[in-house]
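Notes follow once the structure below has been shown.
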Amino acid sequence: MTQSTMKLPTNALLDAMASKTRHVFITGASRGIGEATARLLADKNVHMTLAARSYNRLLGVCMDVGVEKSHAVKLDLVEEQSIDDAITTAESKFGPIDVLICNAGIHEDTPLSDVSAQGRARFRRVIEVNLVGTYFLAQLASLHMRPGGRIIFIGSVLSRVGAPQVNAYAASKHALMGLTRSMALELAPRNIRVNSVNPTWVDTDMARAAINRRAEKTGESVSDVAAKYIGRQPIRRMVKPLEVASYIEFLMGPGGDAITGQGIDISCGMVSP
Ligand SMILES: NC(=O)c1ccc[n+]([C@@H]2O[C@H](COP(=O)([O-])OP(=O)(O)OC[C@H]3O[C@@H](n4cnc5c(N)ncnc54)[C@H](OP(=O)(O)O)[C@@H]3O)[C@@H](O)[C@H]2O)c1
C-alpha cells in the first residue's frame with residue numbers, strides 16, 4: 001500500500017489563523033478545566049484574557065502562563081455590568097476576541113421536592129450563570145469576532161441525558177446545545193464556528209464537591225459514591241482537565257474548521273440518545 005501524500009485542505013484563512021496571535025478569552029480560568037486550558041495554551045501563539053470572580057487566583061495563573069501574553073479580568077456572570085466590562089476590558093487590551101471559551105459554570109443540587117425560597121433562588125442562580133450570563137457574554141464577544149473565530153461552550157453529559165436532583169444544571173447544559181446549534185447557523189456566514197464540549201465527570205473541585213454533597217445526603221462514603229458514578233461509565237475513570245483542554249485546543253485549530261453546531265462528548269463511552 002502506498003503512503004498517502006494528500007494534505008489537509010488549506011486556504012488563506014487557515015494560514016492567517018496559524019500565523020497571527022489570536023486572542024483567547026477563557027471564563028472560569030481560576031481553577032479546574034479553565035485553568036488547565038490556560039496552562040495548555042501558554043506556549044502557543046495566543047494572547048489570553050482569563051476571567052472569573054477570584055481575581056487573585058487569576059493573577060497567579062497569569063504569572064505562570066506569562067504576564068506579557070495574559071491578563072486577568074474580574075467577571076461575575078450573574079451581573080450584566082460585569083459581563084459588559086469584561087468584554088470591553090479584554091478587547092481594549094488584546095483586540096477583538098478570536099476564541100471564546102465559555103467554561104465557567106456552577107453545579108448545585110436542585111431537587112424537584114425543594115420548593116423553598118432558597119431552592120428557587122438556587123435554580124435561578126444555576127440558570128443565570130450557566131446559561132443567561134454565558135449567552136450574554138458570547139453575544140458580546142461575537143460582535144467583533146473576525147472570520148476564523150471560535151466559540152466553544154463547555155457543556156456536560158447532562159447536555160445529553162437527565163439526572164435526578166440536578167434539574168437546573170441539566171436544563172442549563174441542555175440549553176447550551178440549543179445555543180450551540182442556533183448560534184452556529186447564525187455565525188456560519190461570518191466563518192465563525194460554534195461547538196460544545198460535553199465531558200462526563202472531570203477531576204476538579206466541582207466534581208469533588210458534588211460527590212461530597214451526595215455522600216453527605218445519603219450517608220454513603222465518598223469513595224462509594226464516586227465508585228457508583230464512575231461505575232456507570234464503560235471507561236471507569238474520571239476525565240482529566242487536560243483532556244478537555246486538549247480537545248478545546250483541537251477545535252481552536254485548523255482541524256476544527258469544518259466542525260460547527262456540534263456537541264463533542266468526552267464521556268468515557270456514555271452514549272447519548
Ligand atoms: N467537573 C466536572 O465533573 C464537569 C463535568 C462536566 C462538565 N463540567 C463543566 O465544566 C466547566 C468547568 O468546570 P470545572 O469542573 O472546572 O469547575 P470548577 O473547578 O468549579 O471551576 C468553575 C469555574 O467557574 C468560575 N465561576 C463560577 N461561578 C462564576 C460566576 N458567577 N462568574 C464567573 N465565573 C464563575 C469559577 O471561578 P470563581 O469561583 O473564581 O468565579 C471557576 O473558575 C463548567 O461549565 C462545568 O459545568 C464539569
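Ordering of the C-alpha cells sets the chain letters (A, B, ...), residue numbers begin anew at 1 in every chain, and ligands are numbered from 1 in the order given.
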Would you mind listing the residues within 6 Å of ligand 1, counting only C-alpha atoms and all ligand atoms, as a PyMOL selection string? chain A and resi 28-34+52-54+75-78+103-106+129+154-156+199-207
Enumerate the residues of region 14-256 of chain A with a DSSP assignment of alpha helix (DSSP H), computed from the backbone, and present them as a ChimeraX atom specification. /A:14-19,32-40,55-65,80-94,117-127,134-143,167-187,205-218,222-231,241-252
Please report, as CSV, each residue of region 211-271 of chain A lying at most 12 Å from region 88-101 of chain A, together with the nearest pair of atoms and the separation in Å rounded to one decimal; use only C-alpha atoms, and order rows by chain and ascending residue number.
```
residue,atom,partner,partner_atom,distance
A:Val244,CA,A:Ile101,CA,11.7
A:Ala245,CA,A:Ile101,CA,10.2
A:Tyr247,CA,A:Ile101,CA,11.8
A:Ile248,CA,A:Ile101,CA,8.2
A:Glu249,CA,A:Val99,CA,10.1
A:Leu251,CA,A:Val99,CA,9.8
A:Met252,CA,A:Val99,CA,7.1
A:Gly253,CA,A:Val99,CA,10.2
A:Gly256,CA,A:Val99,CA,11.9
```
Could you save the residues just selected, with C-alpha atoms, as a PDB file, in the first residue's frame?
```pdb
ATOM      1  CA  VAL A 244     -10.846  18.537  27.964  1.00  0.00           C
ATOM      2  CA  ALA A 245      -8.333  21.333  27.358  1.00  0.00           C
ATOM      3  CA  TYR A 247      -9.984  18.926  22.779  1.00  0.00           C
ATOM      4  CA  ILE A 248     -10.640  22.652  23.112  1.00  0.00           C
ATOM      5  CA  GLU A 249      -7.221  23.272  21.569  1.00  0.00           C
ATOM      6  CA  LEU A 251     -11.337  22.821  17.986  1.00  0.00           C
ATOM      7  CA  MET A 252      -9.446  26.132  18.009  1.00  0.00           C
ATOM      8  CA  GLY A 253      -7.111  24.928  15.289  1.00  0.00           C
ATOM      9  CA  GLY A 256     -11.882  22.393  13.919  1.00  0.00           C
TER      10      GLY A 256
END
```
Residues within 8 Å of region 56-61 of chain A, only C-alpha atoms, excluding chain neighbours under 6 positions, as a VMD selection string: chain A and resid 29 to 31 35 38 to 39 50 71 to 73
Between CA of Leu140 (chain A) and CA of Ile83 (chain A) lies a distance of 8.6 Å
List as number ranges by chain the protein and nucleic acid residues near Arg237 (chain A), meaning an atom at most 9 Å away when only C-alpha atoms are counted, but skip any in the same chain fewer than 5 places from it. A: 201, 227, 230-231, 268
Taking C-alpha atoms for each residue, export the selection above as a short mmCIF file (atom, residue, chain, number, x, y, z; two decimals), in the first residue's frame.
```
data_model
loop_
_atom_site.label_atom_id
_atom_site.label_comp_id
_atom_site.auth_asym_id
_atom_site.auth_seq_id
_atom_site.Cartn_x
_atom_site.Cartn_y
_atom_site.Cartn_z
CA TRP A 201 -17.02 13.63 35.48
CA ALA A 227 -17.34 4.40 42.53
CA ILE A 230 -17.82 6.13 37.68
CA GLY A 231 -19.10 2.56 37.54
CA CYS A 268 -15.85 7.84 28.81
#
```
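For Leu242 (chain A), the set of protein, DNA and RNA residues having any atom at most 8 Å away, when counting only C-alpha atoms and skipping those fewer than 5 positions along the same chain, is Ile33, Ala36, Thr37 and Leu40 of chain A.
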Apply DSSP to the structure's backbone, then extract all residues of region 61-229 of chain A labelled strand (DSSP E or B) and return them as a list in words.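 Here are the strand (DSSP E or B) residues of region 61-229 of chain A: Ser70, His71, Ala72, Val73, Lys74, Val99, Leu100, Ile101, Cys102, Thr110, Arg150, Ile151, Ile152, Phe153, Ile154, Val166, Arg193, Val194, Asn195, Ser196, Val197, Asn198, Pro199 and Val202 of chain A.
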Written selection (C-alpha atoms) as a compact mmCIF listing (two decimals), in the first residue's frame:
```
# COMPACT_ATOMS: atom_id res chain seq x y z
CA SER A 70 -2.24 37.17 29.51
CA HIS A 71 -4.28 39.39 31.78
CA ALA A 72 -6.85 38.79 34.49
CA VAL A 73 -10.37 40.17 34.32
CA LYS A 74 -12.86 40.01 37.14
CA VAL A 99 -11.67 32.32 20.54
CA LEU A 100 -14.23 32.46 23.34
CA ILE A 101 -14.19 29.52 25.74
CA CYS A 102 -17.37 29.63 27.80
CA THR A 110 -31.92 21.45 42.75
CA ARG A 150 -14.43 30.08 17.54
CA ILE A 151 -16.98 29.94 20.33
CA ILE A 152 -16.67 26.84 22.49
CA PHE A 153 -19.15 26.08 25.26
CA ILE A 154 -18.35 23.59 27.97
CA VAL A 166 -29.76 18.44 39.44
CA ARG A 193 -17.57 28.09 14.40
CA VAL A 194 -19.64 27.31 17.49
CA ASN A 195 -19.36 24.00 19.31
CA SER A 196 -19.88 22.46 22.70
CA VAL A 197 -17.55 20.07 24.52
CA ASN A 198 -19.52 17.77 26.80
CA PRO A 199 -17.49 15.92 29.40
CA VAL A 202 -13.83 15.68 35.36
```
So, counting only C-alpha atoms, which residue among A:Met63, A:Val271, A:Ala168, A:Ala12 is closest to Arg125 (chain A)?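 Closest candidate: A:Ala168.
Distance-wise, CA of His23 (chain A) and CA of Gly149 (chain A) end up 9.7 Å apart.
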Counting only C-alpha atoms, which of A:Ser19, A:Ala171, A:Val157, A:Lys217 gets nearest to Gly269 (chain A)?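 Answer, going by the shortest atom-to-atom distance: A:Val157.
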I need the residue nearest Arg214 (chain A) from this list: A:Asp109, A:Val46, A:Ser182, A:Ala18. Use only C-alpha atoms for the distance. A:Asp109
